[in-house]
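Here the structure is laid out as structure tokens; the discussion comes afterwards.
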Amino acid sequence: MPETHRPAVELLAPAGSPDALVAAVNNGADAVYLGLGELNARRGAANFDLESLAQATRFAHLRDARVYLTANVVVLPQEFEPALVLVDGAWAAGVDAVIVQDLGLLRAVRLALPDVRIHASTQIDAMNPDTVQALARAGASRVTLARELSLEAIAACATAGVEVETFVHGALCYCYSGQCLLSSMIGRRSANRGLCAQPCRLTYDLFDASGEAVAAPGRYLLSPKDLAGIAHLPALISAGVRALKIEGRMKSPEYVAVVTGVYRAALDRALADPEGFGVSPAEWEMLEEAFNRGFTDGYLTGERREALMSYTRPNNRGVLVGRIVQAAPGSAAIELERALDPADTLEVWTHSGRFAQSAGALSVGGASVHAAPAGSTVTFVPERTVAVGDRVFRVANDALLRAARRTFAGSGVESRRATPVDFEVSVRVGLPLRLVARAAGEVAEAEGAAVAPARTKPITAEEIVEHVGRLGGTGYEAGSWDIDLDAGAGLGFSALHALRREALERLDAARLAPWAARERRRPSVPALPPAAARTRAVSLVATAWSEEVAAACRDAGADVAMMRVFGAPATEAASMAPAAPVSPLLPRVAWPAEVALYDGWAGAEHLAAGNLGLLTRPVGRGAPGADWPLNVLNAHAAAALAEQGAGFVWASPELSGRQLADLAGASPLPVGCVVWGRLELMVAEQCVLQAAGECGRRCASCARRQKWWRLRDQKGYEFPVTTDPSGRSHIVNSVTLDLIRALDEIVATGVAAVRLDFTDEDPARAAEVVRAFRSALNGVEAGGDPPAVPIVEPSTSGHFYRGVL
């Protein structure tokens with residue numbers, strides 16, 4: 001899209017299907033984001049193929065809207081060539097940018113397809129200016145920020161010199177995006193591969209450190225409410241946000257239509273009059289009726305408490321329409337707070353559960369009605385037993401849905417993005433019929449046969465306007481008219497129709513010219529720097545949550561012992577500061593106000609960071625290691641991190657053994673892998689322990705976090721959970737990864753280091769595991785076999801033998 005056509009702040013809407021794309025554009029979206037069948041974070045959506053993508057880009061561009069392709073997943077080693085083919089084909093089909101998560105794919109697109117505009121996905125978790133700047137250096141023209149940031153943090157990131165985008169409405173993940181392994185580790189359905197099974201929307205019970213069940217306000221302890229940032233549009237604009245994104249590629253076209261329409265109107269008002277901006281009750285009601293789990297400002301206002309969460313249900317709660325005031329077999333009456341239509345879908349909350357049904361036949365005062373007004377008492381036929389006092393919610397508003405469908409389906413589709421076209425029509429006897437169409441800075445002209453004198457009734461200017469102005473389905477709306485008409489001219493209407501079609505086709509071609517010249521480049525996968533030399537001996541590395549455990553690991557034979565730190569030695573977390581020779585392991589999460597704290601580790605050896613911004617800062621002696629949360633699954637990602645200053649990479653735990661060998665064999669940096677421990681599955685800004693009740697929010701000294709608590713799922717598996725001194729939750733796997741039996745295969749992949757991640761183990765247990773791995777590793781390197789049995793049961797081999805889907 002030419003830069004002159006770009007709005008000051010872009011409204012970006014989801015398009016999980018062709019209908020959703022039309023709904024988004026026709027309701028005012030400045031841009032849409034969509035995916036092809038593979039390599040996108042919503043593989044379960046209807047999505048597009050290249051043919052329908054080309055049709056979609058044409059439709060959007062003719063309405064001054066842009067189309068962004070989501071290639072926002074991690075890329076396995078064998079997928080690199082198909083991934084570049086996909087991006088190449090999509091660019092040729094007319095997309096305006098490609099949204100990328102994988103740092104290796106970002107690097108490859110930059111080198112192989114330099115014309116392609118790249119947007120960095122929220123899956124990369126950009127949360128500080130250092131990360132935003134690093135992504136800009138890597139080739140990103142825009143960075144989508146982590147959803148957890150406050151307005152203040154967003155404003156700080158917006159100063160980094162590249163466009164920033166943030167989510168403004170829709171579902172919130174409990175975990176930081178791109179950091180969640182819960183679905184992956186319990187069922188191979190990787191969130192980083194677009195197949196999240198949403199285990200965060202299931203029930204869990206919370207147990208304290210003593211094993212006692214904790215009374216919580218509900219059982220959906222990992223299910224946030226939906227983000228609704230509409231009230232903060234002026235503040236987001238002031239913060240410097242370039243694009244506001246609506247979540248929902250798995251949602252219906254009706255949802256997209258309603259939410260996009262509401263935000264279009266609100267954003268226009270916020271841009272025109274930020275001081276006087278407000279959200280009307282009708283707008284809130286439309287958003288609630290479209291879909292809601294309860295609404296929250298999200299993290300925009302710094303909210304991290306239980307008010308963020310939807311503890312009692314994980315799905316659409318609709319809107320309350322009233323309560324049952326009379327109940328009898330086969331009949332019940334509702335005292336209505338909102339109007340009700342027979343085609344609406346209701347959900348009744350009874351003492352024994354919930355059920356949904358169509359409202360069906362309605363009567364008020366004994367008389368059948370087509371609609372029951374608010375304030376009335378309406379009788380309906382419940383499909384199950386109900387009781388007085390039961391609440392009744394509407395989860396589908398038929399009138400709202402029908403209005404939404406009129407913007408994308410059927411005849412006479414309504415659109416907010418029709419392009420004004422100015423017409424000049426010349427109807428002079430003896431001269432060719434001539435029509436000029438002007439729109440969006442382009443001009444097109446068409447001529448017909450010479451105009452003859454009228455044999456009966458001369459044509460009128462009103463008839464010319466009526467027949468040339470029939471623009472339904474074209475994406476245009478009539479603007480101004482300049483008609484030069486001889487009084488006695490005769491003309492058939494079909495001639496006007498044909499000339500209009502010809503002129504608009506030429507106008508379309510002129511407007512689409514910036515994309516029409518694109519051709520497939522069929523790029524080769526860029527060459528990698530030389531692979532790192534294999535080390536003679538594989539290092540044994542241990543990480544821990546306490547200095548006591550880390551020191552015990554070092555004493556037991558670990559070559560390197562690292563301790564997780566959350567701050568610098570001079571901060572409140574000074575008690576967490578490891579003494580040499582224990583090295584610091586920097587966190588995944590570091591907000592703008594926190595990044596400088598970690599510069600205090602400038603003298604540390606063997607330092608590693610799980611945050612891209614921290615990796616690029618002057619921390620540690622020598623080149624720091626890139627921790628596995630940076631999602632290195634291919635050698636191109638390792639090369640990208642080498643360009644950012646990394647000297648070592650820890651491979652993603654989502655790799656199989658064969659894929660690990662591919663990475664280690666081609667990576668320009670030495671590669672390590674985790675072989676033991678409860679893998680960290682989630683890191684979240686919200687403290688899950690707050691489900692136990694209100695706290696003083698003195699996180700560093702919180703008594704609850706002194707020992708590990710447990711989350712028990714529906715199958716009885718218990719996931720240890722704690723919070724760090726910043727109040728962020730860390731949830732680790734219920735089953736320990738134990739690859740000691742595969743140590744010979746792991747060494748054969750060419751890794752330079754293997755790592756043991758300790759969580760809730762005490763120093764004695766950690767030392768025992770280190771000694772076992774030290775002995776096994778020495779034996780394998782001497783040509784022996786690894787142990788035949790695991791150290792712990794039950795245990796898991798993770799993805800080493802099966803990989804992710």
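Naming scheme: A, B, ... for chains in displayed order of the structure tokens; residues 1 onward per chain; ligands 1 onward as shown.
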Could you list, as a CSV table (one decimal) with all heavy atoms, in the first residue's frame, every residue within 9 Å of region 199-207 of chain A, counting only C-alpha atoms and ignoring same-chain residues fewer than 3 positions away?
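Final file, selection-v5.csv:
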```
chain,number,residue,atom,x,y,z
A,173,CYS,N,-3.8,-14.9,26.4
A,173,CYS,CA,-3.2,-16.1,26.9
A,173,CYS,C,-2.8,-15.9,28.3
A,173,CYS,O,-2.4,-14.8,28.7
A,173,CYS,CB,-2.0,-16.5,26.0
A,173,CYS,SG,-2.4,-16.9,24.3
A,174,TYR,N,-2.8,-16.9,29.1
A,174,TYR,CA,-2.2,-16.8,30.5
A,174,TYR,C,-0.7,-16.6,30.4
A,174,TYR,O,-0.2,-15.7,31.1
A,174,TYR,CB,-2.6,-18.0,31.3
A,174,TYR,CG,-2.2,-17.8,32.8
A,174,TYR,CD1,-2.9,-16.9,33.6
A,174,TYR,CD2,-1.1,-18.4,33.3
A,174,TYR,CE1,-2.5,-16.7,34.9
A,174,TYR,CE2,-0.7,-18.2,34.6
A,174,TYR,CZ,-1.4,-17.3,35.4
A,174,TYR,OH,-1.0,-17.1,36.7
A,175,CYS,N,-0.1,-17.4,29.6
A,175,CYS,CA,1.4,-17.3,29.5
A,175,CYS,C,1.8,-16.2,28.5
A,175,CYS,O,1.0,-15.9,27.6
A,175,CYS,CB,1.9,-18.7,29.1
A,175,CYS,SG,3.7,-18.8,28.8
A,182,LEU,N,3.0,-25.7,27.5
A,182,LEU,CA,2.0,-26.6,28.2
A,182,LEU,C,1.3,-27.5,27.2
A,182,LEU,O,1.3,-28.8,27.4
A,182,LEU,CB,1.0,-25.8,29.0
A,182,LEU,CG,0.0,-26.5,29.8
A,182,LEU,CD1,0.7,-27.5,30.8
A,182,LEU,CD2,-0.9,-25.6,30.6
A,183,SER,N,0.7,-27.0,26.2
A,183,SER,CA,0.0,-27.8,25.2
A,183,SER,C,1.0,-28.8,24.5
A,183,SER,O,0.7,-29.9,24.2
A,183,SER,CB,-0.7,-26.9,24.2
A,183,SER,OG,-1.3,-27.7,23.2
A,196,CYS,N,-2.2,-25.0,19.5
A,196,CYS,CA,-2.4,-25.0,20.9
A,196,CYS,C,-3.8,-25.6,21.2
A,196,CYS,O,-4.8,-25.2,20.6
A,196,CYS,CB,-2.4,-23.5,21.4
A,196,CYS,SG,-2.7,-23.4,23.2
A,210,SER,N,2.3,-27.2,51.7
A,210,SER,CA,2.1,-28.4,52.6
A,210,SER,C,1.2,-29.4,52.0
A,210,SER,O,0.9,-30.5,52.7
A,210,SER,CB,1.4,-27.8,53.9
A,210,SER,OG,0.1,-27.4,53.7
A,211,GLY,N,0.7,-29.2,50.8
A,211,GLY,CA,-0.2,-30.2,50.2
A,211,GLY,C,-1.7,-30.0,50.5
A,211,GLY,O,-2.5,-30.8,50.0
A,212,GLU,N,-2.0,-28.9,51.2
A,212,GLU,CA,-3.4,-28.6,51.5
A,212,GLU,C,-4.1,-27.9,50.3
A,212,GLU,O,-3.5,-27.0,49.7
A,212,GLU,CB,-3.5,-27.7,52.7
A,212,GLU,CG,-3.1,-28.4,54.0
A,212,GLU,CD,-4.0,-29.5,54.4
A,212,GLU,OE1,-5.3,-29.4,54.2
A,212,GLU,OE2,-3.5,-30.6,54.9
A,213,ALA,N,-5.3,-28.4,50.0
A,213,ALA,CA,-6.1,-27.7,48.9
A,213,ALA,C,-6.5,-26.3,49.3
A,213,ALA,O,-6.8,-26.0,50.5
A,213,ALA,CB,-7.4,-28.5,48.6
A,214,VAL,N,-6.4,-25.4,48.4
A,214,VAL,CA,-6.6,-24.0,48.7
A,214,VAL,C,-8.0,-23.6,48.1
A,214,VAL,O,-8.3,-23.9,47.0
A,214,VAL,CB,-5.5,-23.1,48.0
A,214,VAL,CG1,-5.9,-21.6,48.1
A,214,VAL,CG2,-4.2,-23.4,48.6
A,215,ALA,N,-8.8,-23.0,48.9
A,215,ALA,CA,-10.1,-22.5,48.5
A,215,ALA,C,-9.9,-21.3,47.5
A,215,ALA,O,-9.4,-20.3,47.9
A,215,ALA,CB,-11.0,-22.1,49.7
A,216,ALA,N,-10.3,-21.5,46.3
A,216,ALA,CA,-10.1,-20.5,45.2
A,216,ALA,C,-11.5,-20.0,44.8
A,216,ALA,O,-12.5,-20.7,44.9
A,216,ALA,CB,-9.3,-21.1,44.1
A,218,GLY,N,-12.8,-20.1,42.0
A,218,GLY,CA,-13.2,-20.9,40.8
A,218,GLY,C,-12.1,-21.9,40.5
A,218,GLY,O,-11.1,-22.0,41.2
A,219,ARG,N,-12.4,-22.7,39.5
A,219,ARG,CA,-11.4,-23.7,39.1
A,219,ARG,C,-10.7,-23.4,37.8
A,219,ARG,O,-9.7,-24.2,37.5
A,219,ARG,CB,-12.1,-25.1,39.0
A,219,ARG,CG,-12.8,-25.5,40.4
A,219,ARG,CD,-13.2,-26.9,40.3
A,219,ARG,NE,-12.1,-27.8,40.1
A,219,ARG,CZ,-12.2,-29.0,39.5
A,219,ARG,NH1,-13.3,-29.4,38.9
A,219,ARG,NH2,-11.1,-29.8,39.4
A,220,TYR,N,-11.1,-22.4,37.1
A,220,TYR,CA,-10.4,-22.0,35.9
A,220,TYR,C,-9.3,-21.1,36.2
A,220,TYR,O,-9.3,-19.9,35.9
A,220,TYR,CB,-11.4,-21.5,34.8
A,220,TYR,CG,-12.4,-22.5,34.4
A,220,TYR,CD1,-13.7,-22.5,35.0
A,220,TYR,CD2,-12.1,-23.4,33.4
A,220,TYR,CE1,-14.6,-23.5,34.7
A,220,TYR,CE2,-13.1,-24.4,33.1
A,220,TYR,CZ,-14.3,-24.4,33.7
A,220,TYR,OH,-15.2,-25.3,33.3
A,221,LEU,N,-8.2,-21.6,36.8
A,221,LEU,CA,-7.2,-20.8,37.5
A,221,LEU,C,-6.2,-20.1,36.5
A,221,LEU,O,-5.5,-19.2,36.9
A,221,LEU,CB,-6.5,-21.6,38.5
A,221,LEU,CG,-7.3,-22.1,39.7
A,221,LEU,CD1,-6.5,-22.9,40.6
A,221,LEU,CD2,-8.1,-21.0,40.4
A,222,LEU,N,-6.2,-20.6,35.2
A,222,LEU,CA,-5.3,-20.1,34.2
A,222,LEU,C,-6.1,-19.4,33.1
A,222,LEU,O,-5.5,-19.2,32.0
A,222,LEU,CB,-4.4,-21.2,33.7
A,222,LEU,CG,-3.6,-22.0,34.7
A,222,LEU,CD1,-2.8,-23.1,34.0
A,222,LEU,CD2,-2.7,-21.1,35.5
A,223,SER,N,-7.3,-19.1,33.3
A,223,SER,CA,-8.2,-18.5,32.2
A,223,SER,C,-8.4,-17.0,32.4
A,223,SER,O,-9.3,-16.7,33.3
A,223,SER,CB,-9.5,-19.3,32.2
A,223,SER,OG,-10.3,-18.8,31.2
A,224,PRO,N,-7.8,-16.2,31.7
A,224,PRO,CA,-8.0,-14.7,31.8
A,224,PRO,C,-9.3,-14.3,31.2
A,224,PRO,O,-9.9,-15.0,30.3
A,224,PRO,CB,-6.8,-14.1,31.1
A,224,PRO,CG,-5.8,-15.2,30.9
A,224,PRO,CD,-6.6,-16.4,30.8
A,313,ARG,N,-15.6,-19.5,34.5
A,313,ARG,CA,-15.9,-20.1,33.3
A,313,ARG,C,-14.9,-19.6,32.2
A,313,ARG,O,-14.4,-18.5,32.3
A,313,ARG,CB,-17.3,-19.9,32.8
A,313,ARG,CG,-17.6,-18.4,32.5
A,313,ARG,CD,-19.1,-18.3,32.0
A,313,ARG,NE,-19.3,-19.1,30.8
A,313,ARG,CZ,-20.5,-19.3,30.3
A,313,ARG,NH1,-21.6,-18.9,30.9
A,313,ARG,NH2,-20.6,-20.0,29.1
A,314,PRO,N,-14.5,-20.5,31.2
A,314,PRO,CA,-13.5,-20.2,30.3
A,314,PRO,C,-14.0,-19.8,28.9
A,314,PRO,O,-13.3,-19.5,28.0
A,314,PRO,CB,-12.8,-21.5,30.1
A,314,PRO,CG,-13.9,-22.5,30.2
A,314,PRO,CD,-14.9,-22.0,31.2
A,315,ASN,N,-15.4,-19.7,28.7
A,315,ASN,CA,-15.9,-19.5,27.4
A,315,ASN,C,-16.9,-18.3,27.4
A,315,ASN,O,-17.0,-17.6,28.4
A,315,ASN,CB,-16.6,-20.7,26.9
A,315,ASN,CG,-17.6,-21.3,27.9
A,315,ASN,OD1,-17.9,-20.7,28.9
A,315,ASN,ND2,-18.1,-22.5,27.7
A,688,VAL,N,-0.4,-16.6,39.9
A,688,VAL,CA,-1.5,-17.6,40.1
A,688,VAL,C,-1.8,-17.9,41.5
A,688,VAL,O,-2.9,-18.2,41.9
A,688,VAL,CB,-1.1,-19.0,39.4
A,688,VAL,CG1,0.1,-19.6,40.1
A,688,VAL,CG2,-2.2,-19.9,39.3
A,689,LEU,N,-0.8,-17.5,42.4
A,689,LEU,CA,-1.0,-17.7,43.8
A,689,LEU,C,-2.0,-16.8,44.4
A,689,LEU,O,-2.5,-17.0,45.5
A,689,LEU,CB,0.3,-17.6,44.6
A,689,LEU,CG,1.4,-18.6,44.1
A,689,LEU,CD1,2.6,-18.4,45.1
A,689,LEU,CD2,1.0,-20.0,44.1
A,691,ALA,N,-4.9,-16.6,43.6
A,691,ALA,CA,-6.2,-17.3,43.7
A,691,ALA,C,-6.5,-17.7,45.1
A,691,ALA,O,-7.6,-18.0,45.5
A,691,ALA,CB,-6.2,-18.5,42.8
A,692,ALA,N,-5.4,-17.7,45.9
A,692,ALA,CA,-5.5,-18.1,47.3
A,692,ALA,C,-6.1,-16.9,48.2
A,692,ALA,O,-6.3,-17.1,49.4
A,692,ALA,CB,-4.2,-18.6,47.9
A,709,TRP,N,4.2,-24.4,45.2
A,709,TRP,CA,2.9,-24.9,45.3
A,709,TRP,C,2.6,-25.8,44.1
A,709,TRP,O,3.5,-26.1,43.3
A,709,TRP,CB,1.9,-23.7,45.3
A,709,TRP,CG,1.9,-22.9,46.6
A,709,TRP,CD1,3.0,-22.6,47.4
A,709,TRP,CD2,0.8,-22.2,47.2
A,709,TRP,NE1,2.7,-21.8,48.4
A,709,TRP,CE2,1.3,-21.5,48.3
A,709,TRP,CE3,-0.5,-22.0,46.9
A,709,TRP,CZ2,0.5,-20.7,49.2
A,709,TRP,CZ3,-1.3,-21.2,47.7
A,709,TRP,CH2,-0.8,-20.6,48.8
A,710,ARG,N,1.4,-26.3,44.0
A,710,ARG,CA,1.0,-27.2,43.0
A,710,ARG,C,-0.3,-26.9,42.3
A,710,ARG,O,-1.2,-26.4,43.0
A,710,ARG,CB,0.9,-28.7,43.5
A,710,ARG,CG,2.2,-29.3,44.0
A,710,ARG,CD,3.2,-29.5,42.9
A,710,ARG,NE,4.3,-30.4,43.3
A,710,ARG,CZ,5.5,-29.9,43.9
A,710,ARG,NH1,5.6,-28.6,44.1
A,710,ARG,NH2,6.5,-30.7,44.2
A,711,LEU,N,-0.4,-27.0,41.0
A,711,LEU,CA,-1.7,-27.0,40.3
A,711,LEU,C,-2.0,-28.4,39.8
A,711,LEU,O,-1.2,-29.1,39.2
A,711,LEU,CB,-1.6,-26.1,39.0
A,711,LEU,CG,-1.6,-24.6,39.3
A,711,LEU,CD1,-1.2,-23.9,38.0
A,711,LEU,CD2,-2.9,-24.1,39.7
A,712,ARG,N,-3.1,-28.9,40.2
A,712,ARG,CA,-3.5,-30.3,39.9
A,712,ARG,C,-4.6,-30.2,38.8
A,712,ARG,O,-5.6,-29.6,38.9
A,712,ARG,CB,-4.1,-31.1,41.1
A,712,ARG,CG,-4.5,-32.5,40.8
A,712,ARG,CD,-5.1,-33.2,42.0
A,712,ARG,NE,-4.1,-33.3,43.0
A,712,ARG,CZ,-4.4,-33.7,44.3
A,712,ARG,NH1,-5.7,-34.0,44.6
A,712,ARG,NH2,-3.5,-33.9,45.2
A,713,ASP,N,-4.3,-31.0,37.7
A,713,ASP,CA,-5.2,-30.9,36.5
A,713,ASP,C,-6.3,-32.0,36.7
A,713,ASP,O,-6.4,-32.7,37.7
A,713,ASP,CB,-4.5,-31.0,35.2
A,713,ASP,CG,-3.9,-32.4,34.9
A,713,ASP,OD1,-4.2,-33.4,35.7
A,713,ASP,OD2,-3.2,-32.6,33.9
A,714,GLN,N,-7.2,-32.1,35.7
A,714,GLN,CA,-8.3,-33.0,35.7
A,714,GLN,C,-7.9,-34.5,35.8
A,714,GLN,O,-8.6,-35.4,36.2
A,714,GLN,CB,-9.2,-32.8,34.5
A,714,GLN,CG,-9.8,-31.4,34.5
A,714,GLN,CD,-10.4,-31.1,33.1
A,714,GLN,OE1,-9.8,-31.4,32.1
A,714,GLN,NE2,-11.6,-30.5,33.1
```
| task | For region 263-280 of chain A, list every protein, DNA or RNA residue within 12 Å, evaluated using only C-alpha atoms, and leave out those in the same chain fewer than 5 positions away; present the list as an MDAnalysis selection string. | result | chainID A and resid 7:13 24:31 168:170 228:238 243:246 256:258 285:287 416:417
| request: From a DSSP pass on the backbone, collect the residues of region 191-400 of chain A flagged as helix (DSSP H, G or I) and hand them back as a VMD selection string. | output: chain A and resid 191 to 193 199 to 201 230 to 239 253 to 272 281 to 290 306 to 308 398 to 400
Got time to write the residues from that selection, C-alpha atoms, as a tab-separated table (two decimals), in the first residue's frame?
```
chain	number	residue	atom	x	y	z
A	191	ALA	CA	1.41	-23.32	20.59
A	192	ASN	CA	4.57	-22.29	18.76
A	193	ARG	CA	3.35	-24.31	15.78
A	199	PRO	CA	-5.14	-26.35	28.34
A	200	CYS	CA	-5.19	-22.98	30.14
A	201	ARG	CA	-8.97	-23.00	29.66
A	230	ILE	CA	-11.42	0.43	23.80
A	231	ALA	CA	-11.58	2.93	26.69
A	232	HIS	CA	-7.82	3.48	26.39
A	233	LEU	CA	-7.66	4.35	22.70
A	234	PRO	CA	-6.53	7.97	23.28
A	235	ALA	CA	-3.80	6.79	25.66
A	236	LEU	CA	-2.60	4.16	23.18
A	237	ILE	CA	-2.50	6.75	20.41
A	238	SER	CA	-0.58	9.11	22.69
A	239	ALA	CA	1.84	6.30	23.57
A	253	PRO	CA	-17.15	-13.53	10.60
A	254	GLU	CA	-20.06	-12.09	12.59
A	255	TYR	CA	-17.77	-11.50	15.55
A	256	VAL	CA	-15.20	-9.83	13.30
A	257	ALA	CA	-17.88	-7.61	11.78
A	258	VAL	CA	-19.28	-6.42	15.10
A	259	VAL	CA	-16.00	-5.83	16.92
A	260	THR	CA	-14.30	-4.19	13.95
A	261	GLY	CA	-17.26	-1.88	13.43
A	262	VAL	CA	-17.31	-0.78	17.05
A	263	TYR	CA	-13.57	-0.13	17.15
A	264	ARG	CA	-13.64	1.70	13.80
A	265	ALA	CA	-16.15	4.22	15.10
A	266	ALA	CA	-14.36	4.55	18.44
A	267	LEU	CA	-10.92	4.99	16.90
A	268	ASP	CA	-12.16	7.69	14.56
A	269	ARG	CA	-13.54	9.59	17.55
A	270	ALA	CA	-10.37	9.09	19.57
A	271	LEU	CA	-8.25	10.47	16.73
A	272	ALA	CA	-10.57	13.43	16.16
A	281	PRO	CA	-23.12	1.93	26.67
A	282	ALA	CA	-24.40	0.68	23.30
A	283	GLU	CA	-20.82	0.04	22.13
A	284	TRP	CA	-19.99	-1.89	25.29
A	285	GLU	CA	-23.15	-3.94	24.87
A	286	MET	CA	-22.31	-4.82	21.25
A	287	LEU	CA	-18.84	-5.97	22.29
A	288	GLU	CA	-20.30	-8.06	25.11
A	289	GLU	CA	-22.90	-9.61	22.82
A	290	ALA	CA	-20.27	-10.47	20.19
A	306	GLU	CA	-7.51	-11.75	40.30
A	307	ALA	CA	-9.69	-9.12	38.58
A	308	LEU	CA	-7.84	-10.07	35.41
A	398	ASP	CA	-30.01	-12.96	16.41
A	399	ALA	CA	-30.67	-9.36	15.37
A	400	LEU	CA	-27.02	-8.41	15.89
```
When you look at Val735 (chain A) with a cut-off of 8 Å (counting only C-alpha atoms), what residues show up, excluding the ones that are within fewer than 3 positions of it in the same chain? I need them as a compact mmCIF listing (two decimals) with N, CA, C and O atoms, in the first residue's frame.
```
# COMPACT_ATOMS: atom_id res chain seq x y z
N ARG A 678 12.25 -30.64 35.38
CA ARG A 678 10.86 -30.24 35.12
C ARG A 678 10.91 -28.99 34.24
O ARG A 678 11.21 -27.90 34.73
N PRO A 794 7.78 -41.46 37.64
CA PRO A 794 7.66 -41.41 36.19
C PRO A 794 8.53 -40.30 35.61
O PRO A 794 8.86 -39.32 36.29
N SER A 795 8.88 -40.46 34.36
CA SER A 795 9.68 -39.47 33.66
C SER A 795 9.20 -39.42 32.22
O SER A 795 8.40 -40.24 31.77
N THR A 796 9.71 -38.45 31.49
CA THR A 796 9.35 -38.30 30.09
C THR A 796 10.61 -38.07 29.27
O THR A 796 11.60 -37.52 29.77
```
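CA of Ser121 (chain A) is found 9.3 Å from CA of Gly178 (chain A).
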| request: Check the DSSP output for the backbone and give back, as a PyMOL selection string, the residues of region 531-736 of chain A in strand (DSSP E). | output: chain A and resi 539-544+560-564+583-586+608-609+625-626+648-650+671-677+680-684+709-712+718-723+729-732+736
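Compared by their closest atoms to Ala461 (chain A), and using only C-alpha atoms, the residues A:Arg765, A:Ile483, A:Ala359, A:Ala403 rank with A:Ile483 nearest.
Distance-wise, CA of Pro77 (chain A) and CA of Gly89 (chain A) end up 20.1 Å apart.
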All residues 8 Å or closer to Leu660 (chain A), only C-alpha atoms, same chain fewer than 5 positions away omitted, as a PDB file with C-alpha atoms, in the first residue's frame:
```
ATOM      1  CA  LEU A 633      14.864 -24.713  16.308  1.00  0.00           C
ATOM      2  CA  ALA A 651      18.147 -25.536  21.634  1.00  0.00           C
ATOM      3  CA  LEU A 655      13.117 -30.493  18.859  1.00  0.00           C
ATOM      4  CA  THR A 749      24.095 -35.084  17.633  1.00  0.00           C
TER       5      THR A 749
END
```
With a distance cut-off of 9 Å and only C-alpha atoms, select the neighbouring residues of Glu383 (chain A), excluding the residue or stretch itself and same-chain residues fewer than 4 positions from it, and output the selection as a compact mmCIF listing (two decimals) with C-alpha atoms, in the first residue's frame.
```
# COMPACT_ATOMS: atom_id res chain seq x y z
CA GLY A 330 -42.87 -27.06 30.62
CA PHE A 355 -27.63 -25.48 29.39
CA ALA A 356 -28.19 -23.58 26.16
CA GLN A 357 -31.24 -23.42 23.95
```
| task | Skip region 433-446 of chain A itself and residues of its chain fewer than 2 positions away, then list as a ChimeraX atom specification all residues within 10 Å of it, counting only C-alpha atoms. | result | /A:5,62-64,419-431,448-452,468,476-484,491,495-496,498-511
Write a file of the selected residues as a short mmCIF file (atom, residue, chain, number, x, y, z; two decimals), in the first residue's frame, keeping C-alpha atoms.
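For reference, again_1.cif as written:
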```
data_model
loop_
_atom_site.label_atom_id
_atom_site.label_comp_id
_atom_site.auth_asym_id
_atom_site.auth_seq_id
_atom_site.Cartn_x
_atom_site.Cartn_y
_atom_site.Cartn_z
CA HIS A 5 -2.66 5.96 1.85
CA LEU A 62 -9.36 -1.80 -3.91
CA ARG A 63 -10.83 -0.67 -0.58
CA ASP A 64 -7.57 0.88 0.64
CA THR A 419 -13.86 4.23 -2.25
CA PRO A 420 -15.41 7.49 -3.52
CA VAL A 421 -15.21 7.78 -7.30
CA ASP A 422 -15.83 11.03 -9.19
CA PHE A 423 -17.42 10.71 -12.63
CA GLU A 424 -17.30 12.86 -15.73
CA VAL A 425 -19.77 11.84 -18.43
CA SER A 426 -19.87 13.44 -21.87
CA VAL A 427 -22.96 12.76 -23.99
CA ARG A 428 -22.63 14.97 -27.08
CA VAL A 429 -24.50 14.19 -30.29
CA GLY A 430 -22.10 13.09 -33.00
CA LEU A 431 -19.21 12.52 -30.58
CA GLY A 448 -18.13 4.24 -26.64
CA ALA A 449 -19.83 4.71 -29.97
CA ALA A 450 -20.89 8.10 -31.26
CA VAL A 451 -24.01 9.47 -29.61
CA ALA A 452 -27.06 9.74 -31.91
CA VAL A 468 -23.62 4.86 -14.07
CA TYR A 476 -16.80 2.16 -5.01
CA GLU A 477 -19.38 4.74 -4.06
CA ALA A 478 -20.34 7.69 -6.23
CA GLY A 479 -18.69 10.97 -5.36
CA SER A 480 -19.11 14.05 -7.53
CA TRP A 481 -20.71 14.21 -10.97
CA ASP A 482 -19.81 16.34 -14.00
CA ILE A 483 -22.26 15.65 -16.82
CA ASP A 484 -21.97 17.29 -20.23
CA LEU A 491 -28.71 6.65 -25.46
CA ALA A 495 -24.17 1.55 -23.24
CA LEU A 496 -23.77 3.37 -19.93
CA ALA A 498 -20.76 -1.19 -20.44
CA LEU A 499 -18.80 2.07 -20.27
CA ARG A 500 -18.95 2.11 -16.46
CA ARG A 501 -17.62 -1.46 -16.30
CA GLU A 502 -14.79 -0.65 -18.69
CA ALA A 503 -13.79 2.50 -16.86
CA LEU A 504 -13.85 0.85 -13.45
CA GLU A 505 -11.84 -2.12 -14.71
CA ARG A 506 -9.18 0.28 -15.95
CA LEU A 507 -9.36 2.21 -12.71
CA ASP A 508 -8.92 -1.01 -10.76
CA ALA A 509 -5.90 -1.94 -12.87
CA ALA A 510 -4.30 1.43 -12.27
CA ARG A 511 -4.88 1.22 -8.52
#
```
| field | Spatial neighbours of region 523-533 of chain A, 7 Å, only C-alpha atoms, chain gap at least 4 places, as number ranges by chain | value | A: 81, 108, 111-112, 636, 665-670
